[in-house]
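A.B. asks: input.cif is the file, holding mmCIF, C-alpha atoms and all ligand atoms:
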```
data_data
loop_
_atom_site.label_atom_id
_atom_site.label_comp_id
_atom_site.auth_asym_id
_atom_site.auth_seq_id
_atom_site.Cartn_x
_atom_site.Cartn_y
_atom_site.Cartn_z
CA MET A 161 87.13 24.61 100.58
CA ALA A 162 84.61 22.32 99.00
CA ILE A 163 84.42 21.94 95.30
CA MET A 164 80.93 22.63 94.13
CA ARG A 165 79.63 20.24 91.57
CA ARG A 166 77.82 21.71 88.63
CA ASN A 167 74.57 20.35 89.99
CA ARG A 168 75.60 19.90 93.52
CA ALA A 169 72.31 19.55 95.35
CA PHE A 170 70.23 16.66 94.21
CA CYS A 171 67.65 18.32 92.01
CA PRO A 172 65.86 16.00 89.61
CA ASP A 173 63.48 18.61 88.27
CA ARG A 174 66.13 20.71 86.65
CA PRO A 175 66.24 20.55 82.90
CA ILE A 176 68.32 17.72 81.62
CA GLY A 177 70.38 18.50 78.57
CA TRP A 178 70.27 15.02 77.26
CA ARG A 179 71.66 14.19 73.87
CA ARG A 180 71.31 10.86 72.22
CA SER A 181 74.66 9.14 72.17
CA ALA A 182 75.94 6.72 69.61
CA LEU A 183 76.32 4.01 72.23
CA SER A 184 74.43 0.86 71.49
CA LEU A 185 71.49 -0.25 73.59
CA GLY A 186 71.51 -3.43 75.53
CA GLN A 187 72.84 -5.09 78.59
CA ALA A 188 76.29 -5.40 77.18
CA VAL A 189 77.77 -6.00 80.58
CA ARG A 190 75.85 -9.27 80.75
CA ALA A 191 77.68 -10.36 77.64
CA LEU A 192 80.93 -10.59 79.56
CA CYS A 193 82.64 -13.87 78.94
CA VAL A 194 83.20 -16.36 81.72
CA ALA A 195 86.80 -15.30 82.01
CA ALA A 196 85.81 -11.73 82.62
CA MET A 197 83.21 -12.88 85.14
CA VAL A 198 85.81 -14.76 87.06
CA VAL A 199 88.03 -11.72 87.10
CA ALA A 200 84.95 -9.90 88.35
CA VAL A 201 84.79 -12.11 91.42
CA GLY A 202 87.33 -9.76 92.85
CA ALA A 203 85.29 -6.90 91.53
CA ALA A 204 82.17 -8.16 93.21
CA ALA A 205 84.14 -8.96 96.31
CA LEU A 206 84.07 -5.46 97.70
CA GLY A 207 87.40 -4.52 99.11
CA GLY A 208 88.92 -7.84 98.13
CA LYS A 209 91.72 -8.51 95.74
CA PRO A 210 90.85 -9.78 92.29
CA ALA A 211 90.38 -13.50 92.05
CA ARG A 212 93.33 -15.43 90.87
CA ALA A 213 92.57 -17.42 87.76
CA GLN A 214 93.03 -21.11 88.39
CA THR A 215 93.31 -24.11 86.21
CA GLU A 216 90.76 -26.89 86.53
CA ALA A 217 90.79 -28.12 90.11
CA THR A 218 89.92 -31.60 91.18
CA VAL A 219 86.66 -31.38 93.07
CA ASN A 220 85.09 -34.33 94.80
CA MET A 221 81.54 -34.27 93.45
CA ASP A 222 80.24 -36.85 95.93
CA PRO A 223 77.25 -35.26 97.76
CA ALA A 224 78.28 -36.94 101.03
CA ALA A 225 81.71 -35.34 100.86
CA PHE A 226 80.13 -31.93 100.33
CA ARG A 227 77.73 -32.44 103.25
CA ALA A 228 80.64 -33.46 105.48
CA PHE A 229 82.44 -30.29 104.44
CA VAL A 230 79.39 -28.17 105.28
CA GLU A 231 79.05 -29.81 108.67
CA SER A 232 82.73 -29.16 109.37
CA LEU A 233 81.90 -25.43 109.34
CA TRP A 234 79.63 -25.72 112.38
CA PRO A 235 82.21 -25.18 115.18
CA GLU A 236 83.39 -21.93 113.56
CA ALA A 237 79.83 -20.77 112.96
CA ARG A 238 78.95 -21.46 116.58
CA GLY A 239 82.05 -19.54 117.61
CA ARG A 240 80.59 -16.53 115.79
CA GLY A 241 77.36 -16.71 117.72
CA VAL A 242 75.35 -18.55 115.06
CA SER A 243 72.66 -20.84 116.49
CA ARG A 244 72.22 -24.40 115.30
CA ALA A 245 68.75 -23.46 114.07
CA THR A 246 70.19 -20.68 111.90
CA PHE A 247 72.98 -22.93 110.67
CA ASP A 248 70.48 -25.62 109.65
CA ALA A 249 68.04 -23.16 108.10
CA ALA A 250 70.79 -21.71 105.90
CA LEU A 251 72.93 -24.74 105.14
CA GLY A 252 70.80 -27.78 106.04
CA LYS A 253 69.52 -28.46 102.56
CA ILE A 254 72.09 -26.96 100.27
CA THR A 255 73.82 -29.08 97.69
CA LEU A 256 77.02 -28.48 95.81
CA ASP A 257 76.50 -26.12 92.91
CA ALA A 258 78.22 -28.29 90.35
CA SER A 259 78.21 -25.59 87.67
CA LEU A 260 80.12 -23.38 90.04
CA ALA A 261 82.43 -26.15 91.13
CA ARG A 262 83.31 -26.78 87.51
CA THR A 263 83.61 -23.16 86.50
CA THR A 264 87.11 -22.79 85.25
CA ALA A 265 88.60 -19.37 85.29
CA ARG A 266 90.14 -18.92 81.90
CA GLN A 267 92.74 -16.25 81.53
CA ALA A 268 91.46 -13.49 79.32
CA GLU A 269 93.22 -13.61 75.97
CA PHE A 270 93.27 -9.87 75.49
CA VAL A 271 93.58 -6.84 77.67
CA ARG A 272 90.12 -5.34 77.48
CA PRO A 273 90.42 -1.69 76.42
CA VAL A 274 89.02 0.75 78.95
CA TRP A 275 86.62 2.24 76.40
CA ASP A 276 85.20 -1.17 75.64
CA TYR A 277 84.23 -1.57 79.29
CA VAL A 278 83.04 2.02 79.66
CA ASN A 279 80.88 1.83 76.53
CA SER A 280 79.24 -1.39 77.65
CA ALA A 281 78.60 -0.03 81.16
CA VAL A 282 77.42 3.48 80.27
CA THR A 283 74.69 2.68 77.75
CA THR A 284 71.98 5.05 76.57
CA GLN A 285 69.43 2.76 78.16
CA ARG A 286 71.20 2.91 81.50
CA VAL A 287 71.51 6.68 81.34
CA GLU A 288 67.79 7.05 80.57
CA ARG A 289 66.74 4.66 83.30
CA GLY A 290 69.05 6.39 85.77
CA ARG A 291 67.46 9.75 84.97
CA ALA A 292 63.97 8.32 85.40
CA LEU A 293 64.94 6.81 88.76
CA ALA A 294 66.57 10.07 89.82
CA ARG A 295 63.18 11.72 89.36
CA GLU A 296 61.21 8.85 90.90
CA PHE A 297 63.38 8.62 94.01
CA ALA A 298 64.19 12.31 94.35
CA PRO A 299 63.04 12.75 97.97
CA LEU A 300 64.77 9.54 99.06
CA LEU A 301 68.01 10.52 97.33
CA GLN A 302 67.93 13.95 98.94
CA GLN A 303 67.49 12.30 102.34
CA ILE A 304 70.31 9.87 101.65
CA GLU A 305 72.63 12.67 100.59
CA ARG A 306 71.87 14.63 103.76
CA ARG A 307 72.09 11.66 106.12
CA TRP A 308 74.83 9.48 104.59
CA GLY A 309 76.82 12.07 102.73
CA ALA A 310 77.69 10.60 99.35
CA ASP A 311 76.79 12.00 95.94
CA PRO A 312 73.38 10.56 94.97
CA TYR A 313 74.33 10.44 91.29
CA VAL A 314 77.33 8.27 92.10
CA VAL A 315 75.11 6.03 94.23
CA LEU A 316 72.66 5.73 91.32
CA ALA A 317 75.52 4.96 88.94
CA ILE A 318 76.82 2.17 91.17
CA TRP A 319 73.28 0.75 91.40
CA GLY A 320 73.03 0.95 87.61
CA ILE A 321 76.32 -0.73 86.90
CA GLU A 322 76.15 -3.38 89.61
CA THR A 323 72.64 -4.67 88.88
CA SER A 324 71.06 -2.47 86.19
CA TYR A 325 69.15 -0.70 89.00
CA GLY A 326 68.01 -3.86 90.70
CA ALA A 327 66.93 -5.70 87.55
CA ASN A 328 69.78 -8.15 87.79
CA THR A 329 70.65 -8.72 91.44
CA GLY A 330 71.34 -12.40 90.98
CA ASP A 331 68.99 -15.19 92.03
CA LYS A 332 71.52 -17.60 93.46
CA ASN A 333 71.28 -18.71 97.06
CA VAL A 334 74.38 -17.10 98.54
CA PHE A 335 74.91 -19.91 101.04
CA ARG A 336 75.04 -22.44 98.25
CA SER A 337 77.33 -20.25 96.15
CA LEU A 338 79.72 -19.40 98.97
CA ALA A 339 79.82 -22.96 100.28
CA SER A 340 80.48 -24.32 96.78
CA LEU A 341 83.25 -21.79 96.14
CA THR A 342 84.85 -22.51 99.52
CA TYR A 343 84.57 -26.22 98.84
CA LYS A 344 86.15 -25.80 95.44
CA GLY A 345 89.12 -24.16 97.08
CA ILE A 346 89.60 -21.00 95.02
CA ARG A 347 90.35 -18.29 97.55
CA ALA A 348 88.87 -20.64 100.12
CA ASP A 349 89.76 -18.48 103.14
CA PHE A 350 88.08 -15.47 101.61
CA PHE A 351 84.85 -17.28 100.69
CA ARG A 352 84.80 -19.22 103.96
CA ASN A 353 84.83 -15.96 105.89
CA GLU A 354 82.09 -14.58 103.63
CA LEU A 355 79.98 -17.69 104.22
CA LEU A 356 80.34 -17.51 108.00
CA THR A 357 79.55 -13.80 107.87
CA ALA A 358 76.41 -14.53 105.82
CA LEU A 359 75.28 -16.84 108.63
CA GLN A 360 75.77 -14.00 111.12
CA ILE A 361 73.57 -11.77 108.95
CA VAL A 362 70.75 -14.31 109.26
CA GLN A 363 71.41 -14.65 112.97
CA GLU A 364 71.02 -10.89 113.38
CA GLY A 365 67.63 -11.08 111.69
CA HIS A 366 68.28 -8.89 108.66
CA ALA A 367 66.97 -11.47 106.20
CA PRO A 368 65.83 -15.09 106.15
CA PRO A 369 68.26 -17.41 104.33
CA ALA A 370 65.95 -17.89 101.35
CA ALA A 371 65.84 -14.13 100.75
CA MET A 372 69.62 -13.88 100.65
CA THR A 373 70.14 -14.20 96.95
CA GLY A 374 72.99 -12.82 94.94
CA SER A 375 75.52 -13.35 92.21
CA TRP A 376 77.28 -16.64 91.82
CA ALA A 377 80.21 -15.08 93.68
CA GLY A 378 78.07 -14.19 96.70
CA ALA A 379 77.57 -10.47 96.05
CA MET A 380 74.11 -9.60 97.33
CA GLY A 381 71.26 -7.24 96.72
CA HIS A 382 70.74 -4.07 94.72
CA THR A 383 74.33 -2.86 94.95
CA GLN A 384 76.05 -6.22 95.36
CA PHE A 385 77.54 -6.19 98.83
CA MET A 386 79.59 -9.15 99.88
CA PRO A 387 78.57 -10.35 103.38
CA SER A 388 81.67 -8.81 105.00
CA SER A 389 80.87 -5.42 103.45
CA PHE A 390 77.29 -5.80 104.59
CA MET A 391 78.51 -6.27 108.16
CA LYS A 392 80.70 -3.19 108.02
CA PHE A 393 78.66 -0.79 105.94
CA ALA A 394 75.00 -1.75 105.52
CA VAL A 395 72.53 0.57 107.24
CA ASP A 396 68.86 0.52 108.12
CA HIS A 397 67.59 3.66 106.45
CA THR A 398 63.90 2.80 106.85
CA GLY A 399 64.19 2.27 110.60
CA ASP A 400 62.43 -1.09 110.76
CA GLY A 401 65.42 -2.73 112.46
CA ARG A 402 66.49 -4.67 109.36
CA LYS A 403 69.24 -3.78 106.94
CA ASP A 404 67.46 -5.08 103.89
CA ILE A 405 69.67 -4.57 100.85
CA TRP A 406 67.72 -7.20 98.90
CA ASP A 407 64.18 -5.81 98.92
CA SER A 408 64.47 -2.28 100.26
CA ILE A 409 65.80 0.25 97.77
CA PRO A 410 66.16 2.88 100.56
CA ASP A 411 68.28 0.52 102.66
CA ALA A 412 70.36 -0.58 99.66
CA LEU A 413 71.09 2.92 98.37
CA ALA A 414 71.74 4.32 101.85
CA SER A 415 74.14 1.43 102.50
CA THR A 416 76.02 2.27 99.31
CA ALA A 417 76.21 5.94 100.29
CA ASN A 418 77.46 4.93 103.72
CA TYR A 419 80.03 2.65 102.11
CA LEU A 420 81.40 5.53 100.04
CA THR A 421 81.41 7.96 102.96
CA ARG A 422 83.16 5.50 105.21
CA HIS A 423 85.76 5.02 102.49
CA GLY A 424 86.49 8.73 102.48
CA TRP A 425 83.97 10.31 100.12
CA LYS A 426 84.02 14.03 100.84
CA PRO A 427 80.54 15.58 100.68
CA GLY A 428 80.18 18.59 98.46
CA MET A 429 83.00 17.49 96.20
CA THR A 430 82.74 16.06 92.72
CA TRP A 431 84.68 13.04 91.43
CA GLY A 432 86.18 15.28 88.75
CA TYR A 433 85.65 16.66 85.25
CA GLU A 434 86.36 15.79 81.67
CA VAL A 435 88.82 18.41 80.46
CA ILE A 436 90.37 19.71 77.25
CA LEU A 437 94.14 20.09 77.31
CA PRO A 438 95.75 22.96 75.43
CA GLU A 439 97.59 22.27 72.17
CA ARG A 440 101.00 20.66 72.73
CA PHE A 441 100.31 20.36 76.46
CA ASP A 442 103.13 18.50 78.17
CA VAL A 443 101.43 15.69 80.09
CA SER A 444 104.70 14.17 81.24
CA PRO A 445 104.97 15.83 84.67
CA HIS A 446 101.39 14.85 85.54
CA ASP A 447 99.59 11.73 86.73
CA PRO A 448 96.31 10.91 88.50
CA GLN A 449 97.92 10.76 91.94
CA THR A 450 99.82 14.04 91.88
CA MET A 451 97.28 16.62 92.97
CA ARG A 452 97.41 20.28 92.14
CA ALA A 453 94.92 23.05 92.82
CA PHE A 454 92.23 23.66 90.22
CA PRO A 455 93.33 27.28 89.66
CA ALA A 456 96.82 25.96 88.86
CA TRP A 457 95.28 23.70 86.19
CA ALA A 458 93.35 26.65 84.84
CA LYS A 459 96.59 28.63 84.67
CA LEU A 460 98.11 25.82 82.60
CA GLY A 461 95.28 26.29 80.10
CA VAL A 462 93.30 23.20 81.07
CA ARG A 463 89.56 23.80 80.76
CA ARG A 464 86.40 21.83 81.35
CA ALA A 465 85.01 20.03 78.32
CA ASP A 466 81.51 21.35 78.99
CA GLY A 467 82.70 24.96 78.89
CA GLU A 468 82.00 25.68 82.56
CA PRO A 469 84.84 27.16 84.63
CA LEU A 470 86.95 24.93 86.84
CA PRO A 471 86.23 25.38 90.54
CA THR A 472 88.32 27.83 92.52
CA GLY A 473 88.84 25.46 95.45
CA GLY A 474 90.03 21.90 95.70
CA GLU A 475 92.66 19.94 93.81
CA ALA A 476 92.90 17.19 91.25
CA GLY A 477 95.26 14.97 89.29
CA LEU A 478 95.34 14.35 85.54
CA LEU A 479 93.89 11.04 84.36
CA LEU A 480 94.49 9.86 80.79
CA PRO A 481 92.82 6.42 80.69
CA ALA A 482 93.75 5.84 77.04
CA GLY A 483 96.89 7.93 76.86
CA VAL A 484 97.49 11.37 75.48
CA ARG A 485 95.27 10.82 72.41
CA GLY A 486 92.18 9.83 74.42
CA PRO A 487 89.79 11.75 76.70
CA ALA A 488 91.38 13.62 79.62
CA PHE A 489 90.02 14.06 83.13
CA LEU A 490 90.91 15.99 86.24
CA VAL A 491 90.07 13.69 89.16
CA THR A 492 89.75 14.57 92.83
CA GLU A 493 90.26 12.43 95.92
CA ASN A 494 86.64 11.31 95.65
CA TYR A 495 87.42 9.57 92.38
CA ARG A 496 89.65 7.16 94.21
CA VAL A 497 86.94 6.37 96.73
CA VAL A 498 84.88 4.70 93.99
CA ARG A 499 87.78 2.35 93.48
CA SER A 500 87.20 0.87 96.92
CA TYR A 501 83.93 -0.54 95.57
CA ASN A 502 85.71 -2.47 92.88
CA MET A 503 89.43 -2.58 92.28
CA SER A 504 89.21 -2.03 88.55
CA SER A 505 90.10 1.41 87.18
CA ALA A 506 87.74 0.88 84.22
CA TYR A 507 84.88 0.38 86.69
CA MET A 508 85.85 3.53 88.53
CA LEU A 509 85.71 5.54 85.32
CA ALA A 510 82.42 3.95 84.24
CA VAL A 511 80.76 4.87 87.56
CA ALA A 512 82.05 8.43 87.32
CA LEU A 513 80.88 8.86 83.74
CA LEU A 514 77.48 7.25 84.29
CA SER A 515 76.90 9.49 87.32
CA GLU A 516 77.74 12.50 85.19
CA ARG A 517 75.37 11.41 82.42
CA ILE A 518 72.54 10.77 84.90
CA ALA A 519 73.17 14.25 86.30
CA GLY A 520 72.59 15.67 82.84
CA ALA A 521 75.89 15.66 81.00
CA GLY A 522 76.18 14.69 77.36
CA PRO A 523 78.58 12.09 75.94
CA LEU A 524 82.33 12.59 76.24
CA ALA A 525 83.94 15.34 74.20
CA GLY A 526 87.19 13.38 73.85
CA ARG A 527 87.54 10.49 71.42
CA TRP A 528 88.80 7.08 72.39
CA PRO A 529 91.67 5.84 70.23
CA SER A 530 90.94 2.93 67.91
CA ASP A 531 93.95 0.95 69.07
CA LYS A 532 94.07 -2.79 68.65
CA PRO A 533 93.94 -4.45 72.09
CA LEU A 534 97.12 -5.94 73.47
CA SER A 535 97.10 -9.66 73.99
CA ALA A 536 97.63 -10.87 77.53
CA ALA A 537 101.00 -12.24 76.41
CA GLN A 538 102.00 -8.80 75.11
CA ALA A 539 100.87 -7.19 78.36
CA ARG A 540 103.00 -9.69 80.26
CA GLU A 541 105.93 -8.84 78.02
CA ILE A 542 105.52 -5.15 78.87
CA GLN A 543 105.36 -6.02 82.57
CA THR A 544 108.44 -8.23 82.34
CA ASN A 545 110.40 -5.53 80.52
CA LEU A 546 109.47 -2.91 83.10
CA GLN A 547 110.40 -5.21 85.94
CA ARG A 548 113.73 -6.02 84.34
CA MET A 549 114.47 -2.30 84.08
CA GLY A 550 113.70 -1.83 87.76
CA PHE A 551 110.19 -0.39 87.58
CA PRO A 552 107.91 -2.22 90.03
CA VAL A 553 104.88 -3.79 88.35
CA GLY A 554 103.63 -6.28 90.94
CA GLU A 555 102.68 -9.68 89.68
CA ILE A 556 103.25 -10.47 86.00
CA ASP A 557 99.61 -11.23 85.27
CA GLY A 558 98.93 -9.83 81.79
CA ARG A 559 96.82 -7.02 83.18
CA ILE A 560 97.53 -3.32 82.94
CA GLY A 561 96.51 -1.92 86.31
CA GLU A 562 97.37 1.34 87.98
CA GLN A 563 100.75 0.12 89.25
CA VAL A 564 101.78 -0.92 85.74
CA GLN A 565 100.62 2.44 84.36
CA ASN A 566 102.75 4.21 86.96
CA ALA A 567 105.71 2.03 85.98
CA ILE A 568 105.13 2.87 82.32
CA ARG A 569 105.11 6.58 83.14
CA ALA A 570 108.38 6.21 85.05
CA TYR A 571 109.89 4.36 82.08
CA GLN A 572 108.61 6.99 79.65
CA ARG A 573 109.96 9.85 81.75
CA LYS A 574 113.36 8.23 82.05
CA ASN A 575 113.51 7.79 78.28
CA GLY A 576 112.28 11.22 77.31
CA LEU A 577 108.99 9.90 75.91
CA VAL A 578 105.54 11.43 76.37
CA ALA A 579 104.73 10.07 79.81
CA ASP A 580 101.04 9.17 79.64
CA GLY A 581 101.27 5.71 81.23
CA TYR A 582 99.43 4.14 78.33
CA ALA A 583 100.23 0.58 77.29
CA ASN A 584 99.90 -0.03 73.57
CA HIS A 585 101.70 -1.69 70.68
CA ALA A 586 103.94 1.32 70.09
CA LEU A 587 105.21 1.12 73.66
CA LEU A 588 105.91 -2.57 73.31
CA GLU A 589 107.74 -2.05 69.99
CA ARG A 590 109.86 0.67 71.57
CA MET A 591 110.77 -1.65 74.44
CA ARG A 592 111.68 -4.43 72.04
CA ALA A 593 113.81 -2.13 69.91
CA THR A 594 115.83 -0.80 72.83
CA ARG A 595 116.27 -4.01 74.77
CA CA A 601 65.29 -1.34 106.89
#
```
Starting from the file, give its structure as structure tokens.
C.D. replies:
Amino acid sequence: MAIMRRNRAFCPDRPIGWRRSALSLGQAVRALCVAAMVVAVGAAALGGKPARAQTEATVNMDPAAFRAFVESLWPEARGRGVSRATFDAALGKITLDASLARTTARQAEFVRPVWDYVNSAVTTQRVERGRALAREFAPLLQQIERRWGADPYVVLAIWGIETSYGANTGDKNVFRSLASLTYKGIRADFFRNELLTALQIVQEGHAPPAAMTGSWAGAMGHTQFMPSSFMKFAVDHTGDGRKDIWDSIPDALASTANYLTRHGWKPGMTWGYEVILPERFDVSPHDPQTMRAFPAWAKLGVRRADGEPLPTGGEAGLLLPAGVRGPAFLVTENYRVVRSYNMSSAYMLAVALLSERIAGAGPLAGRWPSDKPLSAAQAREIQTNLQRMGFPVGEIDGRIGEQVQNAIRAYQRKNGLVADGYANHALLERMRATR
């Protein structure tokens, strides 16, 4: 049975119970440091793994060497059905983007707290703009929901977070960016494939090369599709024969809806709800992946933060992004679909919360803890400890992803601690004390 969202049908004329939040105005996301941007290559690279941070690579800056490299791509391009005319139109005049070639991915010094990301992504300005656009594009969004299936508020939220609703789509020539990144050699196979795919997009007539602008990492258009995602998921909503995610808002938003649906978004279902846990609720048996029916949650005393009843159908897992002291959420299968757009769990939460705010919700009821961030070295120490004790954590990379959180929960359960999967200084101290 489908879970009905509070405002399930897209209905922009309904009253919006907007309350001014304490969040600061501004495009805080743009203030990300270079290190975070480099980490975001993976984020922008839909469906890809996060970029590996590299130390300064030796790049031959000689223009002739770069041109020879570009020309060396021709046989593969031809093999993909790209004509010489297309190849020359896209790559004939490009030069090495030296700024990109020299960009050095610095390792982030600290683990960015989830609330820091969420607060910079879900700004008052972005909520207001999203609500205005929801009204402006109401008929289009209704059409998109009917035809492509995904929740229009989630589509709007992705648009808002990716490019501030098209204000910041990136003005870099994607051929130059992708060729420079391939040439530099960071994830060369990945970017090489994206570059060749971008040529195919031109060959198919969706856009002329000059119109194919994007981020420095090659993510294109209103909702930042990488070329390979474009090929798999972009759609022509307007029916003019072109999938124009750069200049057509209908095509871009429909493509995003199609992306979500094709990744498993279930129509008629919400991503989840912020919830209030009862006093002394034992979170230890729960985690975001273990689903239980909503009525079972209700029976445990869990209730929605906005006072509405939980649905009678469907199931959800318990998400505690900042541990037992922070806000709590019940998240459905749809929540995980957002992750396919960007591998970061902070992104996933920001999209969910922005969509909720655009749909009329107020700020979160729960309070984020005021914990000091862990340094990357401390995060690595936690990972190393977990690994040593036999809890799988993946690569020791100083980042606290979902796998590490699961490992922390397993460690906490085994040691009779409150199992909330949250990495903080107290956890590290405990590990040090019991080593
Ligand atoms: Ca079109």
A.B. asks: To one decimal in Å, tell me the separation between CA of Trp431 (chain A) and CA of Asn494 (chain A).
C.D. replies: 5.0 Å
A.B. asks: Could you check which of A:Phe229, A:Tyr343, A:Tyr571, A:Trp406 is closest to ligand CA 601 (chain A), using all atoms listed in the file?
C.D. replies: A:Trp406
A.B. asks: Which residues come within 8 Å of Leu479 (chain A), counting all atoms listed in the file, excluding same-chain residues fewer than 5 positions away, as a ChimeraX atom specification?
C.D. replies: /A:447-448,488-491
A.B. asks: Go through the chains and note each residue within 10 Å of ligand CA 601 (chain A), using all atoms listed in the file, then give the set as a PyMOL selection string.
C.D. replies: chain A and resi 366+394-405+407-412+414
A.B. asks: Counting only C-alpha atoms, which of A:Gln543, A:Ser505, A:Thr450, A:Thr472 gets nearest to Thr492 (chain A)?
C.D. replies: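 Among A:Gln543, A:Ser505, A:Thr450, A:Thr472, it is A:Thr450 that comes nearest to Thr492 (chain A).
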